[in-house]
Amino acid sequence: MNKRKTGAEWESLAAEYLTRNGMRITEKNFRCRQGEIDLIGFHQGYLVFVEVKYRSSSGSGYALEAVNYRKQCRICRAADYYRYSRRMGMNIAVRYDVIGIQNGKIEWIQNAFPHIYKY
């Protein structure tokens, strides 16, 4: 099985989990020149950009640790472009969440990192 197909399956599982927990998913796999965002939705008054990370074991590190500063910068740039392209403006409340899936367990970190203004 290729990595893209495996990633899509885990992202679908994460989307189902988030939906069961009150998030309304509006977009999956948003891609632009600035980067990619796995899931986008609304939860508790926030526009939420979600990064999904899966690890089959802890041998290559923990899933939640994989969202480093560089990845966060790319997500923020893509989120800015998403809001711009959808004419949402900069006044909308935004949150960045991370879903870590490891050893069959899903962990949802809400507000995992702040918006990074680095261009």
# chains A, B, ... in the order shown; residues from 1 in each chain; ligands from 1
$ select_by_dssp --residues "region 7-93 of chain A" --states "alpha helix (DSSP H)" --output "number ranges by chain"
A: 7-20, 69-85
$ write_last_selection --atoms "N, CA, C and O atoms" --output "tab-separated table (two decimals), in the first residue's frame"
chain	number	residue	atom	x	y	z
A	7	GLY	N	-2.25	7.36	4.12
A	7	GLY	CA	-2.55	8.65	4.75
A	7	GLY	C	-4.00	9.03	4.59
A	7	GLY	O	-4.64	9.53	5.53
A	8	ALA	N	-4.56	8.79	3.41
A	8	ALA	CA	-5.97	9.12	3.16
A	8	ALA	C	-6.89	8.31	4.06
A	8	ALA	O	-7.90	8.83	4.56
A	9	GLU	N	-6.55	7.06	4.29
A	9	GLU	CA	-7.37	6.22	5.16
A	9	GLU	C	-7.35	6.73	6.60
A	9	GLU	O	-8.39	6.80	7.26
A	10	TRP	N	-6.17	7.10	7.09
A	10	TRP	CA	-6.07	7.62	8.46
A	10	TRP	C	-6.72	8.99	8.58
A	10	TRP	O	-7.33	9.31	9.60
A	11	GLU	N	-6.64	9.80	7.53
A	11	GLU	CA	-7.31	11.10	7.55
A	11	GLU	C	-8.83	10.93	7.57
A	11	GLU	O	-9.53	11.69	8.25
A	12	SER	N	-9.34	9.94	6.87
A	12	SER	CA	-10.78	9.65	6.91
A	12	SER	C	-11.21	9.22	8.30
A	12	SER	O	-12.26	9.64	8.80
A	13	LEU	N	-10.40	8.37	8.93
A	13	LEU	CA	-10.69	7.95	10.30
A	13	LEU	C	-10.68	9.16	11.24
A	13	LEU	O	-11.57	9.30	12.09
A	14	ALA	N	-9.72	10.05	11.07
A	14	ALA	CA	-9.64	11.25	11.91
A	14	ALA	C	-10.86	12.14	11.67
A	14	ALA	O	-11.43	12.70	12.62
A	15	ALA	N	-11.29	12.29	10.42
A	15	ALA	CA	-12.47	13.10	10.10
A	15	ALA	C	-13.72	12.54	10.77
A	15	ALA	O	-14.53	13.29	11.32
A	16	GLU	N	-13.87	11.23	10.75
A	16	GLU	CA	-15.01	10.59	11.42
A	16	GLU	C	-14.96	10.86	12.92
A	16	GLU	O	-15.99	11.18	13.54
A	17	TYR	N	-13.78	10.74	13.51
A	17	TYR	CA	-13.61	10.98	14.94
A	17	TYR	C	-13.98	12.43	15.29
A	17	TYR	O	-14.70	12.68	16.26
A	18	LEU	N	-13.48	13.38	14.50
A	18	LEU	CA	-13.77	14.78	14.76
A	18	LEU	C	-15.26	15.08	14.60
A	18	LEU	O	-15.83	15.83	15.40
A	19	THR	N	-15.88	14.50	13.59
A	19	THR	CA	-17.31	14.71	13.36
A	19	THR	C	-18.13	14.18	14.55
A	19	THR	O	-19.06	14.85	15.02
A	20	ARG	N	-17.75	13.00	15.05
A	20	ARG	CA	-18.44	12.45	16.23
A	20	ARG	C	-18.28	13.34	17.45
A	20	ARG	O	-19.11	13.31	18.36
A	69	TYR	N	8.17	22.98	13.88
A	69	TYR	CA	8.02	24.40	13.57
A	69	TYR	C	7.91	24.66	12.07
A	69	TYR	O	7.07	25.45	11.63
A	70	ARG	N	8.73	24.00	11.31
A	70	ARG	CA	8.70	24.18	9.84
A	70	ARG	C	7.35	23.77	9.26
A	70	ARG	O	6.78	24.47	8.41
A	71	LYS	N	6.82	22.65	9.72
A	71	LYS	CA	5.50	22.18	9.26
A	71	LYS	C	4.41	23.16	9.70
A	71	LYS	O	3.49	23.46	8.94
A	72	GLN	N	4.53	23.68	10.92
A	72	GLN	CA	3.56	24.65	11.41
A	72	GLN	C	3.54	25.90	10.54
A	72	GLN	O	2.47	26.43	10.21
A	73	CYS	N	4.72	26.36	10.13
A	73	CYS	CA	4.81	27.54	9.25
A	73	CYS	C	4.10	27.30	7.93
A	73	CYS	O	3.35	28.15	7.45
A	74	ARG	N	4.31	26.12	7.36
A	74	ARG	CA	3.65	25.79	6.08
A	74	ARG	C	2.13	25.73	6.25
A	74	ARG	O	1.38	26.18	5.38
A	75	ILE	N	1.67	25.14	7.34
A	75	ILE	CA	0.23	25.06	7.60
A	75	ILE	C	-0.36	26.46	7.73
A	75	ILE	O	-1.42	26.75	7.16
A	76	CYS	N	0.31	27.34	8.45
A	76	CYS	CA	-0.18	28.70	8.63
A	76	CYS	C	-0.24	29.47	7.32
A	76	CYS	O	-1.20	30.19	7.05
A	77	ARG	N	0.78	29.31	6.48
A	77	ARG	CA	0.76	29.97	5.16
A	77	ARG	C	-0.39	29.44	4.31
A	77	ARG	O	-1.09	30.21	3.65
A	78	ALA	N	-0.59	28.15	4.32
A	78	ALA	CA	-1.70	27.56	3.55
A	78	ALA	C	-3.05	28.02	4.12
A	78	ALA	O	-3.99	28.28	3.36
A	79	ALA	N	-3.13	28.12	5.43
A	79	ALA	CA	-4.38	28.59	6.07
A	79	ALA	C	-4.68	30.03	5.68
A	79	ALA	O	-5.83	30.38	5.40
A	80	ASP	N	-3.65	30.88	5.65
A	80	ASP	CA	-3.84	32.26	5.20
A	80	ASP	C	-4.35	32.31	3.76
A	80	ASP	O	-5.27	33.06	3.44
A	81	TYR	N	-3.76	31.48	2.91
A	81	TYR	CA	-4.21	31.45	1.51
A	81	TYR	C	-5.65	30.92	1.42
A	81	TYR	O	-6.46	31.44	0.65
A	82	TYR	N	-5.97	29.92	2.21
A	82	TYR	CA	-7.33	29.36	2.22
A	82	TYR	C	-8.33	30.46	2.56
A	82	TYR	O	-9.34	30.64	1.87
A	83	ARG	N	-8.07	31.20	3.64
A	83	ARG	CA	-8.99	32.27	4.05
A	83	ARG	C	-9.08	33.35	2.98
A	83	ARG	O	-10.16	33.87	2.69
A	84	TYR	N	-7.93	33.70	2.38
A	84	TYR	CA	-7.91	34.70	1.31
A	84	TYR	C	-8.74	34.22	0.11
A	84	TYR	O	-9.56	34.96	-0.42
A	85	SER	N	-8.52	32.98	-0.32
A	85	SER	CA	-9.20	32.45	-1.50
A	85	SER	C	-10.70	32.28	-1.28
A	85	SER	O	-11.47	32.31	-2.24
$ residues_around --residues "Leu39 (chain A)" --least-positions-apart "2" --cutoff "8 Å" --atoms "only C-alpha atoms" --output "ChimeraX atom specification"
/A:11,15,25-30,37,41,49-52
$ select_by_dssp --residues "chain A" --states "strand (DSSP E or B)" --output "PyMOL selection string"
chain A and resi 24-32+35-43+46-55+94-102+105-109
$ closest_residue --among "A:Arg24, A:His43, A:Arg55, A:Arg86" --to "Gly104 (chain A)" --atoms "only C-alpha atoms"
A:Arg55
$ atom_distance --atom1 "CA of Glu65 (chain A)" --atom2 "CA of His115 (chain A)"
17.6 Å
$ closest_residue --among "A:Gln44, A:Gln34, A:Asn21, A:Asn68" --to "Arg95 (chain A)" --atoms "only C-alpha atoms"
A:Gln44
$ atom_distance --atom1 "CA of Trp108 (chain A)" --atom2 "CA of Leu64 (chain A)"
9.3 Å
$ atom_distance --atom1 "CA of Asn91 (chain A)" --atom2 "CA of Arg33 (chain A)"
23.1 Å
$ closest_residue --among "A:Lys53, A:Asp38, A:Gly22, A:Met90" --to "Lys105 (chain A)" --atoms "only C-alpha atoms"
A:Lys53
